[in-house]
Amino acid sequence: MSAQSNLEILQSVFDAMGDADAVVAHYTDDYVLDLPYARADGPDRTQGKEAVRQRLAGAFRVFRFALEITEVYPCADPDLLIAEYVSEGEVISTGRRYSNRYIGLWRFRDGKVCFTREYYNPETARVAMAPSDG
């Protein structure tokens, strides 16, 4: 596939945010989600399309947000896409705004996403999810 085709797939993933089934429809069965900074005690990795679908379904019960691609960096390998993007939304339980910046390494195989490594500020999410003091 071409780099442009893969970018279109990524945009389709972002357009589907909020619907776990629609998101994972773009993933291979052996998809890997790697979040190096998601947890304070170390990296967080989820493997397999169904495990990721369950994880996303849980996340979409907590967060409502949209992702917008702000920059794409060309790679020699057309099946690797490096992108910067931002989120804008809210934490459903607190009503607090959730806005974060990301950089993601996205790998593609046979017209689907097979791997994502995503870097973002987990503290932004923790603050937005924290119960209010009053």
# chains A, B, ... in the order shown; residues from 1 in each chain; ligands from 1
>>> residues_around(residues="Glu118 of chain A", least_positions_apart="4", cutoff="8 Å", atoms="only C-alpha atoms", output="list in words")
Leu33, Asp34, Leu35, Pro36, Tyr102, Ile103, Gly104 and Leu105 of chain A
>>> select_by_dssp(residues="chain A", states="alpha helix (DSSP H)", output="number ranges by chain")
A: 3-15, 20-24, 49-62, 122-129
>>> write_last_selection(atoms="N, CA and C atoms", output="compact mmCIF listing (two decimals), in the first residue's frame")
# COMPACT_ATOMS: atom_id res chain seq x y z
N ALA A 3 1.91 5.21 1.09
CA ALA A 3 1.87 6.04 2.29
C ALA A 3 0.56 6.83 2.35
N GLN A 4 0.09 7.31 1.21
CA GLN A 4 -1.17 8.07 1.19
C GLN A 4 -2.36 7.18 1.58
N SER A 5 -2.37 5.95 1.09
CA SER A 5 -3.44 5.02 1.46
C SER A 5 -3.44 4.75 2.96
N ASN A 6 -2.25 4.59 3.52
CA ASN A 6 -2.14 4.35 4.95
C ASN A 6 -2.58 5.56 5.75
N LEU A 7 -2.28 6.75 5.28
CA LEU A 7 -2.75 7.96 5.95
C LEU A 7 -4.28 8.01 5.93
N GLU A 8 -4.88 7.60 4.83
CA GLU A 8 -6.34 7.57 4.74
C GLU A 8 -6.93 6.56 5.73
N ILE A 9 -6.26 5.43 5.91
CA ILE A 9 -6.70 4.44 6.90
C ILE A 9 -6.62 5.04 8.30
N LEU A 10 -5.51 5.71 8.61
CA LEU A 10 -5.36 6.35 9.92
C LEU A 10 -6.47 7.37 10.14
N GLN A 11 -6.78 8.16 9.14
CA GLN A 11 -7.86 9.14 9.28
C GLN A 11 -9.19 8.44 9.54
N SER A 12 -9.41 7.31 8.91
CA SER A 12 -10.63 6.54 9.15
C SER A 12 -10.69 6.03 10.59
N VAL A 13 -9.54 5.61 11.12
CA VAL A 13 -9.48 5.20 12.53
C VAL A 13 -9.87 6.38 13.41
N PHE A 14 -9.30 7.54 13.16
CA PHE A 14 -9.60 8.72 13.98
C PHE A 14 -11.05 9.15 13.83
N ASP A 15 -11.60 9.03 12.64
CA ASP A 15 -13.01 9.38 12.42
C ASP A 15 -13.95 8.46 13.19
N ALA A 20 -15.71 1.47 19.42
CA ALA A 20 -14.62 0.49 19.45
C ALA A 20 -14.68 -0.48 18.28
N ASP A 21 -15.89 -0.94 17.92
CA ASP A 21 -16.01 -1.88 16.81
C ASP A 21 -15.56 -1.25 15.50
N ALA A 22 -15.94 0.02 15.29
CA ALA A 22 -15.56 0.71 14.05
C ALA A 22 -14.06 0.96 14.00
N VAL A 23 -13.46 1.26 15.14
CA VAL A 23 -12.00 1.48 15.18
C VAL A 23 -11.27 0.19 14.82
N VAL A 24 -11.59 -0.91 15.52
CA VAL A 24 -10.82 -2.14 15.31
C VAL A 24 -11.13 -2.80 13.97
N LYS A 49 -6.68 -8.07 18.41
CA LYS A 49 -7.78 -7.19 18.03
C LYS A 49 -8.90 -7.19 19.07
N GLU A 50 -9.29 -8.35 19.58
CA GLU A 50 -10.39 -8.43 20.54
C GLU A 50 -10.00 -7.79 21.87
N ALA A 51 -8.79 -8.02 22.33
CA ALA A 51 -8.33 -7.40 23.59
C ALA A 51 -8.31 -5.88 23.45
N VAL A 52 -7.88 -5.39 22.30
CA VAL A 52 -7.86 -3.94 22.07
C VAL A 52 -9.28 -3.40 21.96
N ARG A 53 -10.18 -4.14 21.32
CA ARG A 53 -11.57 -3.70 21.23
C ARG A 53 -12.17 -3.53 22.62
N GLN A 54 -11.93 -4.49 23.50
CA GLN A 54 -12.44 -4.41 24.87
C GLN A 54 -11.83 -3.21 25.61
N ARG A 55 -10.54 -3.01 25.43
CA ARG A 55 -9.87 -1.87 26.07
C ARG A 55 -10.46 -0.55 25.58
N LEU A 56 -10.64 -0.42 24.27
CA LEU A 56 -11.20 0.81 23.72
C LEU A 56 -12.64 1.02 24.17
N ALA A 57 -13.43 -0.04 24.22
CA ALA A 57 -14.82 0.09 24.67
C ALA A 57 -14.85 0.67 26.09
N GLY A 58 -13.93 0.21 26.95
CA GLY A 58 -13.84 0.75 28.31
C GLY A 58 -13.40 2.21 28.30
N ALA A 59 -12.42 2.51 27.48
CA ALA A 59 -11.92 3.90 27.41
C ALA A 59 -13.01 4.84 26.89
N PHE A 60 -13.81 4.38 25.95
CA PHE A 60 -14.86 5.23 25.39
C PHE A 60 -16.02 5.44 26.36
N ARG A 61 -16.08 4.64 27.43
CA ARG A 61 -17.06 4.89 28.49
C ARG A 61 -16.56 5.97 29.45
N VAL A 62 -15.26 6.25 29.40
CA VAL A 62 -14.64 7.26 30.27
C VAL A 62 -14.41 8.57 29.52
N PRO A 122 0.34 11.20 30.13
CA PRO A 122 -0.69 10.54 30.93
C PRO A 122 -1.17 11.40 32.11
N GLU A 123 -0.37 12.34 32.53
CA GLU A 123 -0.78 13.21 33.64
C GLU A 123 -1.99 14.06 33.24
N THR A 124 -2.07 14.45 31.99
CA THR A 124 -3.22 15.21 31.51
C THR A 124 -4.51 14.41 31.71
N ALA A 125 -4.46 13.12 31.40
CA ALA A 125 -5.64 12.26 31.59
C ALA A 125 -5.94 12.07 33.07
N ARG A 126 -4.93 11.85 33.90
CA ARG A 126 -5.16 11.66 35.34
C ARG A 126 -5.83 12.89 35.96
N VAL A 127 -5.36 14.07 35.60
CA VAL A 127 -5.94 15.30 36.14
C VAL A 127 -7.39 15.44 35.70
N ALA A 128 -7.67 15.15 34.44
CA ALA A 128 -9.05 15.29 33.94
C ALA A 128 -9.99 14.28 34.59
N MET A 129 -9.49 13.12 35.01
CA MET A 129 -10.31 12.08 35.60
C MET A 129 -10.42 12.19 37.12
>>> residues_around(residues="Lys112 of chain A", least_positions_apart="3", cutoff="8 Å", atoms="only C-alpha atoms", output="PDB file with N, CA, C and O atoms, in the first residue's frame")
ATOM      1  N   ASN A   6      -2.250   4.590   3.515  1.00  0.00           N
ATOM      2  CA  ASN A   6      -2.144   4.346   4.948  1.00  0.00           C
ATOM      3  C   ASN A   6      -2.583   5.563   5.755  1.00  0.00           C
ATOM      4  O   ASN A   6      -3.222   5.420   6.800  1.00  0.00           O
ATOM      5  N   ILE A   9      -6.258   5.427   5.914  1.00  0.00           N
ATOM      6  CA  ILE A   9      -6.700   4.440   6.904  1.00  0.00           C
ATOM      7  C   ILE A   9      -6.619   5.042   8.300  1.00  0.00           C
ATOM      8  O   ILE A   9      -7.559   4.918   9.101  1.00  0.00           O
ATOM      9  N   HIS A  26     -10.379  -1.553  11.405  1.00  0.00           N
ATOM     10  CA  HIS A  26      -9.196  -1.149  10.636  1.00  0.00           C
ATOM     11  C   HIS A  26      -7.921  -1.829  11.122  1.00  0.00           C
ATOM     12  O   HIS A  26      -6.836  -1.507  10.642  1.00  0.00           O
ATOM     13  N   TYR A  27      -8.034  -2.742  12.078  1.00  0.00           N
ATOM     14  CA  TYR A  27      -6.870  -3.392  12.685  1.00  0.00           C
ATOM     15  C   TYR A  27      -6.752  -4.852  12.245  1.00  0.00           C
ATOM     16  O   TYR A  27      -7.755  -5.529  12.024  1.00  0.00           O
ATOM     17  N   THR A  28      -5.504  -5.342  12.176  1.00  0.00           N
ATOM     18  CA  THR A  28      -5.260  -6.759  11.913  1.00  0.00           C
ATOM     19  C   THR A  28      -5.632  -7.558  13.163  1.00  0.00           C
ATOM     20  O   THR A  28      -5.702  -7.006  14.277  1.00  0.00           O
ATOM     21  N   PHE A 108       1.430  -0.569   9.180  1.00  0.00           N
ATOM     22  CA  PHE A 108       0.328  -1.089   8.378  1.00  0.00           C
ATOM     23  C   PHE A 108       0.763  -2.361   7.664  1.00  0.00           C
ATOM     24  O   PHE A 108       1.928  -2.527   7.309  1.00  0.00           O
ATOM     25  N   ARG A 109      -0.220  -3.246   7.476  1.00  0.00           N
ATOM     26  CA  ARG A 109       0.016  -4.481   6.716  1.00  0.00           C
ATOM     27  C   ARG A 109      -1.281  -4.836   5.992  1.00  0.00           C
ATOM     28  O   ARG A 109      -2.349  -4.910   6.621  1.00  0.00           O
TER      29      ARG A 109
END
>>> closest_residue(among="A:Arg45, A:Arg117, A:Arg107, A:Arg64", to="Gly18 of chain A", atoms="only C-alpha atoms")
A:Arg64
>>> atom_distance(atom1="atom CA of Val91 of chain A", atom2="atom CA of Gly42 of chain A")
23.4 Å
>>> select_by_dssp(residues="chain A", states="strand (DSSP E or B)", output="ChimeraX atom specification")
/A:27-39,42-47,63-73,80-91,97-109,112-120
>>> closest_residue(among="A:Tyr120, A:Pro131, A:Val113, A:Gln47", to="Arg96 of chain A", atoms="only C-alpha atoms")
A:Pro131
>>> closest_residue(among="A:Thr46, A:Thr94, A:Thr70, A:Ser87", to="Phe115 of chain A", atoms="only C-alpha atoms")
A:Thr46
